[in-house]
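Q: Contents are mmCIF, C-alpha atoms and all ligand atoms; file name my_file-v4.cif:
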data_data
loop_
_atom_site.label_atom_id
_atom_site.label_comp_id
_atom_site.auth_asym_id
_atom_site.auth_seq_id
_atom_site.Cartn_x
_atom_site.Cartn_y
_atom_site.Cartn_z
CA MET A 1 94.57 86.62 101.07
CA ASN A 2 92.27 89.19 99.44
CA THR A 3 90.23 88.37 96.36
CA VAL A 4 90.90 90.13 93.06
CA ALA A 5 87.64 92.09 93.59
CA GLU A 6 88.92 93.33 96.96
CA GLN A 7 92.40 94.14 95.66
CA VAL A 8 91.08 96.13 92.71
CA ALA A 9 88.64 97.95 95.02
CA SER A 10 91.52 98.70 97.38
CA HIS A 11 93.61 100.14 94.52
CA LEU A 12 90.67 102.30 93.35
CA LEU A 13 90.18 103.70 96.84
CA GLN A 14 93.91 104.25 97.41
CA ILE A 15 94.28 106.33 94.23
CA LYS A 16 91.01 108.17 95.01
CA ALA A 17 89.37 107.00 91.78
CA ILE A 18 86.09 106.81 93.72
CA LYS A 19 84.41 110.21 94.10
CA LEU A 20 81.44 110.83 96.36
CA GLU A 21 79.30 113.94 95.93
CA PRO A 22 75.93 113.22 97.56
CA ASN A 23 74.95 116.89 97.41
CA HIS A 24 75.98 117.49 93.77
CA PRO A 25 75.14 114.27 91.87
CA PHE A 26 77.24 113.31 88.84
CA THR A 27 75.56 112.79 85.47
CA TRP A 28 76.42 109.44 83.94
CA ALA A 29 76.71 108.49 80.25
CA SER A 30 73.19 107.03 80.46
CA GLY A 31 71.82 110.31 81.81
CA TRP A 32 71.32 108.77 85.28
CA LYS A 33 72.25 110.95 88.26
CA SER A 34 74.49 109.47 90.90
CA PRO A 35 76.17 110.46 94.18
CA ILE A 36 79.19 108.31 93.20
CA TYR A 37 81.63 108.26 90.28
CA CYS A 38 84.34 105.71 89.66
CA ASP A 39 87.12 107.17 87.50
CA ASN A 40 89.03 104.14 86.24
CA ARG A 41 90.98 106.35 83.85
CA LYS A 42 93.09 107.35 86.88
CA THR A 43 94.45 103.78 87.14
CA LEU A 44 96.55 104.52 84.02
CA SER A 45 98.53 107.12 85.96
CA TYR A 46 99.76 104.50 88.46
CA PRO A 47 102.11 101.89 86.92
CA GLU A 48 101.57 99.40 89.76
CA VAL A 49 97.78 99.67 89.51
CA ARG A 50 97.51 99.52 85.73
CA THR A 51 99.91 96.55 85.68
CA TYR A 52 97.87 94.70 88.31
CA ILE A 53 94.68 95.30 86.30
CA ARG A 54 96.37 94.28 83.04
CA ASP A 55 97.65 91.06 84.61
CA GLN A 56 94.23 90.14 86.03
CA PHE A 57 92.63 90.72 82.62
CA VAL A 58 95.33 88.62 80.96
CA ASN A 59 94.82 85.72 83.44
CA LEU A 60 91.07 85.87 82.95
CA ILE A 61 91.24 85.98 79.16
CA LYS A 62 93.85 83.17 78.93
CA THR A 63 91.71 80.94 81.16
CA LYS A 64 88.29 81.72 79.77
CA TYR A 65 88.99 82.54 76.11
CA PRO A 66 92.13 80.64 74.98
CA GLN A 67 90.84 80.86 71.39
CA VAL A 68 90.85 84.71 71.34
CA GLU A 69 92.38 86.28 68.22
CA LEU A 70 91.76 90.01 68.73
CA ILE A 71 91.34 92.43 71.66
CA ALA A 72 88.94 95.38 71.28
CA GLY A 73 88.84 98.36 73.65
CA VAL A 74 85.74 100.51 74.12
CA ALA A 75 86.57 104.21 73.56
CA THR A 76 87.79 106.12 75.28
CA GLY A 77 88.04 104.66 78.78
CA ALA A 78 89.35 101.25 77.74
CA ILE A 79 91.62 102.09 74.80
CA ALA A 80 94.82 102.23 76.82
CA GLN A 81 94.10 99.30 79.13
CA GLY A 82 92.90 97.20 76.16
CA ALA A 83 96.14 97.93 74.30
CA LEU A 84 98.20 96.91 77.35
CA VAL A 85 96.28 93.62 77.51
CA ALA A 86 96.69 92.98 73.77
CA GLN A 87 100.42 93.71 74.03
CA GLU A 88 100.82 91.20 76.87
CA LEU A 89 98.86 88.56 74.95
CA GLY A 90 100.75 89.27 71.71
CA LEU A 91 97.43 89.91 69.93
CA PRO A 92 96.21 92.58 67.52
CA PHE A 93 94.15 95.45 68.93
CA VAL A 94 91.29 97.63 67.71
CA TYR A 95 89.13 100.18 69.47
CA VAL A 96 85.47 100.98 68.99
CA ARG A 97 84.28 104.59 68.98
CA SER A 98 80.94 105.63 70.47
CA ALA A 99 80.00 106.94 67.00
CA ALA A 100 81.67 106.81 63.59
CA LYS A 101 84.01 109.72 62.88
CA ASN A 102 82.32 112.29 60.68
CA HIS A 103 85.48 113.15 58.75
CA GLY A 104 88.60 111.35 57.56
CA LEU A 105 87.97 107.62 57.09
CA GLU A 106 84.64 107.83 59.01
CA ASN A 107 85.49 104.68 60.96
CA LEU A 108 83.50 103.34 63.88
CA ILE A 109 86.10 100.65 64.57
CA GLU A 110 89.72 101.82 64.40
CA GLY A 111 92.43 99.34 63.46
CA GLU A 112 92.47 96.12 61.46
CA TYR A 113 90.16 93.19 61.97
CA LYS A 114 89.01 90.26 59.84
CA GLU A 115 85.56 88.84 59.37
CA GLY A 116 84.95 85.92 61.73
CA GLN A 117 87.80 86.93 64.06
CA LYS A 118 87.28 85.91 67.68
CA VAL A 119 87.24 89.02 69.86
CA VAL A 120 87.32 89.75 73.58
CA VAL A 121 86.10 93.27 74.36
CA VAL A 122 87.79 95.25 77.17
CA GLU A 123 85.78 97.94 78.99
CA ASP A 124 86.65 100.09 81.99
CA LEU A 125 83.28 100.39 83.66
CA ILE A 126 79.73 99.04 83.43
CA SER A 127 76.81 101.13 84.68
CA THR A 128 73.82 100.30 82.46
CA GLY A 129 75.97 98.50 79.91
CA GLY A 130 74.59 100.72 77.12
CA SER A 131 77.92 102.00 75.73
CA SER A 132 79.65 98.65 76.07
CA LEU A 133 76.92 96.73 74.27
CA GLN A 134 76.86 99.34 71.51
CA ALA A 135 80.53 98.44 70.92
CA VAL A 136 79.65 94.73 70.89
CA GLU A 137 76.95 95.40 68.32
CA ALA A 138 79.39 97.37 66.14
CA LEU A 139 81.89 94.48 66.22
CA ARG A 140 79.17 91.94 65.40
CA ASN A 141 77.90 94.12 62.54
CA ALA A 142 81.47 94.15 61.23
CA GLY A 143 81.42 90.34 61.16
CA CYS A 144 83.50 89.70 64.30
CA ASP A 145 82.73 86.83 66.66
CA VAL A 146 82.47 88.43 70.12
CA LEU A 147 83.47 85.81 72.70
CA GLY A 148 82.70 88.06 75.68
CA MET A 149 83.52 91.22 77.55
CA VAL A 150 85.81 91.91 80.50
CA ALA A 151 85.62 95.11 82.57
CA ILE A 152 87.40 96.57 85.57
CA PHE A 153 84.30 97.53 87.56
CA THR A 154 80.53 97.07 87.57
CA TYR A 155 77.82 98.58 89.71
CA GLY A 156 75.94 95.29 89.34
CA PHE A 157 72.62 96.87 88.37
CA GLN A 158 69.81 94.56 87.28
CA LYS A 159 69.43 96.79 84.20
CA ALA A 160 72.98 95.93 83.09
CA ILE A 161 72.50 92.21 83.84
CA ASP A 162 69.31 92.24 81.71
CA ASN A 163 71.01 94.20 78.91
CA PHE A 164 73.92 91.72 78.73
CA THR A 165 71.54 88.74 78.86
CA ASN A 166 69.38 90.18 76.06
CA ALA A 167 72.48 90.86 73.96
CA HIS A 168 73.77 87.31 74.57
CA CYS A 169 77.07 88.72 75.76
CA VAL A 170 79.03 87.17 78.63
CA LEU A 171 80.48 89.72 81.07
CA ASP A 172 83.25 89.20 83.64
CA THR A 173 84.44 92.02 85.88
CA LEU A 174 87.46 92.32 88.13
CA SER A 175 85.64 94.23 90.87
CA ASP A 176 82.24 95.62 91.76
CA TYR A 177 80.24 98.04 93.85
CA ASN A 178 79.70 95.61 96.75
CA ALA A 179 83.42 94.88 97.16
CA MET A 180 84.23 98.57 96.92
CA ILE A 181 81.55 99.86 99.30
CA ASP A 182 82.38 97.21 101.97
CA LEU A 183 86.01 98.32 101.96
CA ALA A 184 85.10 102.02 101.75
CA GLN A 185 82.96 101.68 104.88
CA LYS A 186 85.55 99.58 106.75
CA THR A 187 88.34 102.04 106.04
CA GLY A 188 86.30 105.19 106.67
CA TYR A 189 86.58 106.33 103.01
CA VAL A 190 82.80 106.84 103.09
CA GLN A 191 81.49 109.02 105.87
CA GLU A 192 78.53 107.74 107.88
CA SER A 193 76.54 110.77 106.70
CA ASP A 194 76.96 109.63 103.05
CA VAL A 195 75.89 106.03 103.66
CA ALA A 196 72.17 106.90 103.81
CA LYS A 197 72.38 108.75 100.47
CA LEU A 198 74.20 105.84 98.86
CA LYS A 199 71.56 103.40 100.12
CA GLU A 200 68.74 105.62 98.82
CA TRP A 201 70.42 105.87 95.40
CA ARG A 202 71.11 102.15 95.25
CA LEU A 203 67.38 101.33 95.66
CA SER A 204 66.35 103.17 92.46
CA PRO A 205 69.39 104.60 90.63
CA GLU A 206 67.36 105.42 87.49
CA SER A 207 65.19 107.97 89.33
CA TYR A 208 67.77 109.45 91.75
CA LYS A 209 67.95 113.26 91.65
O1 LIG B 1 77.33 101.28 81.26
P1 LIG B 1 77.05 102.63 80.66
O2 LIG B 1 75.74 103.21 81.14
O3 LIG B 1 77.14 102.62 79.17
O4 LIG B 1 78.15 103.63 81.20
C1 LIG B 1 79.50 103.28 81.27
C2 LIG B 1 80.32 103.97 80.22
O5 LIG B 1 80.46 105.33 80.62
C3 LIG B 1 81.84 105.69 80.60
O6 LIG B 1 82.22 106.20 79.37
P2 LIG B 1 81.92 107.70 78.91
O7 LIG B 1 80.74 107.71 77.99
O8 LIG B 1 81.85 108.60 80.09
O9 LIG B 1 83.14 108.06 77.98
P3 LIG B 1 84.70 107.86 78.05
O10 LIG B 1 84.97 106.37 78.11
O11 LIG B 1 85.13 108.45 76.77
O12 LIG B 1 85.25 108.60 79.22
C4 LIG B 1 82.57 104.38 80.83
O13 LIG B 1 83.88 104.46 80.32
C5 LIG B 1 81.71 103.38 80.12
O14 LIG B 1 82.08 103.22 78.77
O1 LIG B 2 77.94 105.69 83.86
C1 LIG B 2 78.91 106.43 83.69
O2 LIG B 2 78.98 107.30 82.81
C2 LIG B 2 80.08 106.29 84.59
C3 LIG B 2 79.95 106.00 85.92
C4 LIG B 2 81.11 105.92 86.70
O3 LIG B 2 81.09 105.67 87.90
N1 LIG B 2 82.31 106.13 86.10
C5 LIG B 2 82.41 106.40 84.79
O4 LIG B 2 83.53 106.57 84.29
N2 LIG B 2 81.31 106.48 84.04
#
Written as structure tokens, how would this file's structure read?

A:
Amino acid sequence: MNTVAEQVASHLLQIKAIKLEPNHPFTWASGWKSPIYCDNRKTLSYPEVRTYIRDQFVNLIKTKYPQVELIAGVATGAIAQGALVAQELGLPFVYVRSAAKNHGLENLIEGEYKEGQKVVVVEDLISTGGSSLQAVEALRNAGCDVLGMVAIFTYGFQKAIDNFTNAHCVLDTLSDYNAMIDLAQKTGYVQESDVAKLKEWRLSPESYK
């Protein structure tokens, strides 16, 4: 029986959400360069995959945060998955923008929330944790009580672990880089010629070029 981390990794590989471009590195939200990109947005296009992810989030949240009153999705990657989770839990939903809108209502948080409301934040992916923790800060500034964050995938970088520790935010993820790369190597998704590049990047991702 595979673990949730292995099953999610398997889904991500099957739908080709993992892209490898060792010779043309991707630029991440943090500005870091990387030979790998995990596009969790693609999971939404596959009913079986998005349902599996939704159900794992729901199990996790019911077990760990039975007192939750509100689900918040981090824009844009986790808006849809967060709404699916909220729907299944019968809870209200909001989403947090990366910056307040500069027209209209100028909201940073979209939807209705109450001061003191107990929130679980849903995110699609953690690299450095910068964007996710910005959303946590916005919710706290709005008076919400952030119980913790759940995400589909993390690279497991020390930088992200430190950022979450410093922000006093608990993070749980359904899958991670180690589970994914083990499976990718076993199944031949990663070519031997790319393994060296991935190892080099993994040693110091902040200075990879
Ligand atoms: O851990 P971090 O270093 O903050 O990086 C991860 C963030 O980057 C991606 O979002 P992106 O900014 O690409 O925007 P999107 O969600 O609108 O696609 C992803 O959805 C995370 O929110
Ligand atoms: O850090 C990012 O911007 C990032 C990395 C990644 O693998 N996938 C993604 O959607 N964003």

Q: Would you mind reading off the distance between atom O2 of ligand LIG 1 (chain B) and atom CA of Ala138 of chain A, one decimal, in Å?

A: 16.5 Å

Q: Would you kindly return, as a list of chain:residue names, each protein, DNA or RNA residue with an atom no farther than 7 Å from any atom of segment 2-9 of chain A, considering all atoms listed in the file and excluding same-chain residues fewer than 5 positions away?

A: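 These residues fall inside the cut-off: A:Leu174, A:Ser175, A:Asp176, A:Ala179, A:Met180.
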
Q: Would you export the selected residues with C-alpha atoms as a PDB file, in the frame of the given file, please?

A:
ATOM      1  CA  LEU A 174      87.460  92.320  88.130  1.00  0.00           C
ATOM      2  CA  SER A 175      85.640  94.230  90.870  1.00  0.00           C
ATOM      3  CA  ASP A 176      82.240  95.620  91.760  1.00  0.00           C
ATOM      4  CA  ALA A 179      83.420  94.880  97.160  1.00  0.00           C
ATOM      5  CA  MET A 180      84.230  98.570  96.920  1.00  0.00           C
TER       6      MET A 180
END

Q: Hey, which bits of chain A sit within 10 Å of ligand LIG 2 (chain B), and for each residue what's the closest pair of atoms and how far apart in Å (one decimal), counting all atoms listed in the file, rows by chain and increasing number, as JSON lines?

A:
{"residue": "A:Ala17", "atom": "CA", "partner": "B:LIG2", "partner_atom": "N1", "distance": 9.1}
{"residue": "A:Ile18", "atom": "CA", "partner": "B:LIG2", "partner_atom": "O3", "distance": 7.8}
{"residue": "A:Lys19", "atom": "CA", "partner": "B:LIG2", "partner_atom": "O3", "distance": 8.4}
{"residue": "A:Leu20", "atom": "CA", "partner": "B:LIG2", "partner_atom": "O3", "distance": 9.9}
{"residue": "A:Phe26", "atom": "CA", "partner": "B:LIG2", "partner_atom": "C3", "distance": 8.3}
{"residue": "A:Thr27", "atom": "CA", "partner": "B:LIG2", "partner_atom": "O2", "distance": 7.0}
{"residue": "A:Trp28", "atom": "CA", "partner": "B:LIG2", "partner_atom": "O2", "distance": 3.5}
{"residue": "A:Ala29", "atom": "CA", "partner": "B:LIG2", "partner_atom": "O2", "distance": 3.6}
{"residue": "A:Ser30", "atom": "CA", "partner": "B:LIG2", "partner_atom": "O1", "distance": 6.0}
{"residue": "A:Gly31", "atom": "CA", "partner": "B:LIG2", "partner_atom": "O2", "distance": 7.8}
{"residue": "A:Trp32", "atom": "CA", "partner": "B:LIG2", "partner_atom": "O1", "distance": 7.4}
{"residue": "A:Lys33", "atom": "CA", "partner": "B:LIG2", "partner_atom": "O1", "distance": 8.9}
{"residue": "A:Ser34", "atom": "CA", "partner": "B:LIG2", "partner_atom": "C3", "distance": 8.2}
{"residue": "A:Pro35", "atom": "CA", "partner": "B:LIG2", "partner_atom": "O3", "distance": 9.3}
{"residue": "A:Ile36", "atom": "CA", "partner": "B:LIG2", "partner_atom": "O3", "distance": 6.2}
{"residue": "A:Tyr37", "atom": "CA", "partner": "B:LIG2", "partner_atom": "O3", "distance": 3.6}
{"residue": "A:Cys38", "atom": "CA", "partner": "B:LIG2", "partner_atom": "O3", "distance": 3.7}
{"residue": "A:Asp39", "atom": "CA", "partner": "B:LIG2", "partner_atom": "O4", "distance": 4.9}
{"residue": "A:Asn40", "atom": "CA", "partner": "B:LIG2", "partner_atom": "O4", "distance": 6.3}
{"residue": "A:Arg41", "atom": "CA", "partner": "B:LIG2", "partner_atom": "O4", "distance": 7.5}
{"residue": "A:Lys42", "atom": "CA", "partner": "B:LIG2", "partner_atom": "O4", "distance": 9.9}
{"residue": "A:Thr76", "atom": "CA", "partner": "B:LIG2", "partner_atom": "O4", "distance": 10.0}
{"residue": "A:Gly77", "atom": "CA", "partner": "B:LIG2", "partner_atom": "O4", "distance": 7.4}
{"residue": "A:Asp124", "atom": "CA", "partner": "B:LIG2", "partner_atom": "O4", "distance": 7.6}
{"residue": "A:Leu125", "atom": "CA", "partner": "B:LIG2", "partner_atom": "C5", "distance": 6.2}
{"residue": "A:Ile126", "atom": "CA", "partner": "B:LIG2", "partner_atom": "O1", "distance": 6.9}
{"residue": "A:Ser127", "atom": "CA", "partner": "B:LIG2", "partner_atom": "O1", "distance": 4.8}
{"residue": "A:Thr128", "atom": "CA", "partner": "B:LIG2", "partner_atom": "O1", "distance": 6.9}
{"residue": "A:Gly129", "atom": "CA", "partner": "B:LIG2", "partner_atom": "O1", "distance": 8.4}
{"residue": "A:Gly130", "atom": "CA", "partner": "B:LIG2", "partner_atom": "O1", "distance": 9.0}
{"residue": "A:Ser131", "atom": "CA", "partner": "B:LIG2", "partner_atom": "O2", "distance": 8.9}
{"residue": "A:Phe153", "atom": "CA", "partner": "B:LIG2", "partner_atom": "O3", "distance": 8.8}
{"residue": "A:Thr154", "atom": "CA", "partner": "B:LIG2", "partner_atom": "O3", "distance": 8.6}
{"residue": "A:Tyr155", "atom": "CA", "partner": "B:LIG2", "partner_atom": "O3", "distance": 8.0}
{"residue": "A:Tyr177", "atom": "CA", "partner": "B:LIG2", "partner_atom": "O3", "distance": 9.7}

Q: Please provide as a PyMOL selection string all residues within 6 Å of Asp145 of chain A, with the sequence filter that same-chain residues fewer than 5 positions apart are discarded (counting only C-alpha atoms).

A: chain A and resi 116-119

Q: Near Phe164 of chain A, counting all atoms listed in the file, which residues have an atom at most 12 Å away, once you skip same-chain residues fewer than 4 positions from it, shown as a PyMOL selection string?

A: chain A and resi 126-134+136-137+148-149+156-160+168-172

Q: Pick from A:Leu89, A:Leu108, A:Leu147, A:Ala75: nearest to ligand LIG 1 (chain B), with only C-alpha atoms and all ligand atoms counted?

A: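 When distances to ligand LIG 1 (chain B) are compared using only C-alpha atoms and all ligand atoms, the smallest one comes from A:Ala75.
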
Q: What is the atom CA of Asn178 of chain A-atom CA of Leu84 of chain A distance in Å, reported with one decimal?

A: 26.8 Å

Q: Could you work out how far atom CA of Thr63 of chain A lies from atom CA of Gly111 of chain A, giving the answer in Å with one decimal?

A: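 It comes out at 25.5 Å.
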
Q: Name the closest residue to ligand LIG 1 (chain B) among the candidates A:Ile161, A:Ala196, A:Ala167, A:Leu13; distances are taken between atoms, counting all atoms listed in the file.

A: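 Nearest to ligand LIG 1 (chain B): A:Ile161.
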
Q: If I wrap all listed atoms of ligand LIG 1 (chain B) in a box with edges along x, y and z and add 8 Å on each side, what are its centre and edge lengths in Å to one decimal, as JSON?

A:
{"center_x": 80.5, "center_y": 104.9, "center_z": 79.0, "size_x": 25.5, "size_y": 23.3, "size_z": 20.5}

Q: Fewer than 6 positions away in the same chain doesn't count, so skip those; otherwise give me all residues within 6 Å of Thr173 of chain A, counting all atoms listed in the file, as a list in words.

A: Val150, Ala151, Ile152 and Phe153 of chain A

Q: What would segment 82-96 of chain A look like with N, CA, C and O atoms in place, written as a short mmCIF file (atom, residue, chain, number, x, y, z; two decimals), keeping the file's coordinate frame?

A:
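Written out: rebuild-v7.cif:
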data_model
loop_
_atom_site.label_atom_id
_atom_site.label_comp_id
_atom_site.auth_asym_id
_atom_site.auth_seq_id
_atom_site.Cartn_x
_atom_site.Cartn_y
_atom_site.Cartn_z
N GLY A 82 93.08 98.26 77.17
CA GLY A 82 92.90 97.20 76.16
C GLY A 82 94.19 96.97 75.39
O GLY A 82 94.57 95.82 75.10
N ALA A 83 94.88 98.06 75.05
CA ALA A 83 96.14 97.93 74.30
C ALA A 83 97.21 97.25 75.15
O ALA A 83 98.00 96.44 74.65
N LEU A 84 97.23 97.57 76.46
CA LEU A 84 98.20 96.91 77.35
C LEU A 84 97.94 95.40 77.40
O LEU A 84 98.87 94.59 77.38
N VAL A 85 96.67 95.04 77.46
CA VAL A 85 96.28 93.62 77.51
C VAL A 85 96.67 92.92 76.20
O VAL A 85 97.26 91.82 76.21
N ALA A 86 96.37 93.56 75.08
CA ALA A 86 96.69 92.98 73.77
C ALA A 86 98.20 92.79 73.63
O ALA A 86 98.68 91.76 73.12
N GLN A 87 98.96 93.78 74.10
CA GLN A 87 100.42 93.71 74.03
C GLN A 87 100.93 92.49 74.81
O GLN A 87 101.77 91.73 74.32
N GLU A 88 100.39 92.31 76.01
CA GLU A 88 100.82 91.20 76.87
C GLU A 88 100.45 89.85 76.26
O GLU A 88 101.17 88.87 76.42
N LEU A 89 99.31 89.82 75.56
CA LEU A 89 98.86 88.56 74.95
C LEU A 89 99.46 88.35 73.56
O LEU A 89 99.26 87.30 72.95
N GLY A 90 100.16 89.35 73.06
CA GLY A 90 100.75 89.27 71.71
C GLY A 90 99.67 89.20 70.64
O GLY A 90 99.81 88.52 69.61
N LEU A 91 98.57 89.94 70.87
CA LEU A 91 97.43 89.91 69.93
C LEU A 91 97.22 91.28 69.28
O LEU A 91 97.60 92.30 69.85
N PRO A 92 96.57 91.29 68.11
CA PRO A 92 96.21 92.58 67.52
C PRO A 92 95.16 93.30 68.36
O PRO A 92 94.47 92.68 69.18
N PHE A 93 95.06 94.61 68.14
CA PHE A 93 94.15 95.45 68.93
C PHE A 93 93.38 96.40 68.03
O PHE A 93 93.93 96.95 67.08
N VAL A 94 92.10 96.58 68.34
CA VAL A 94 91.29 97.63 67.71
C VAL A 94 90.56 98.38 68.83
O VAL A 94 90.48 97.89 69.94
N TYR A 95 90.06 99.57 68.51
CA TYR A 95 89.13 100.18 69.47
C TYR A 95 87.86 100.63 68.75
O TYR A 95 87.87 100.88 67.55
N VAL A 96 86.79 100.66 69.55
CA VAL A 96 85.47 100.98 68.99
C VAL A 96 85.03 102.33 69.52
O VAL A 96 84.97 102.55 70.74
#
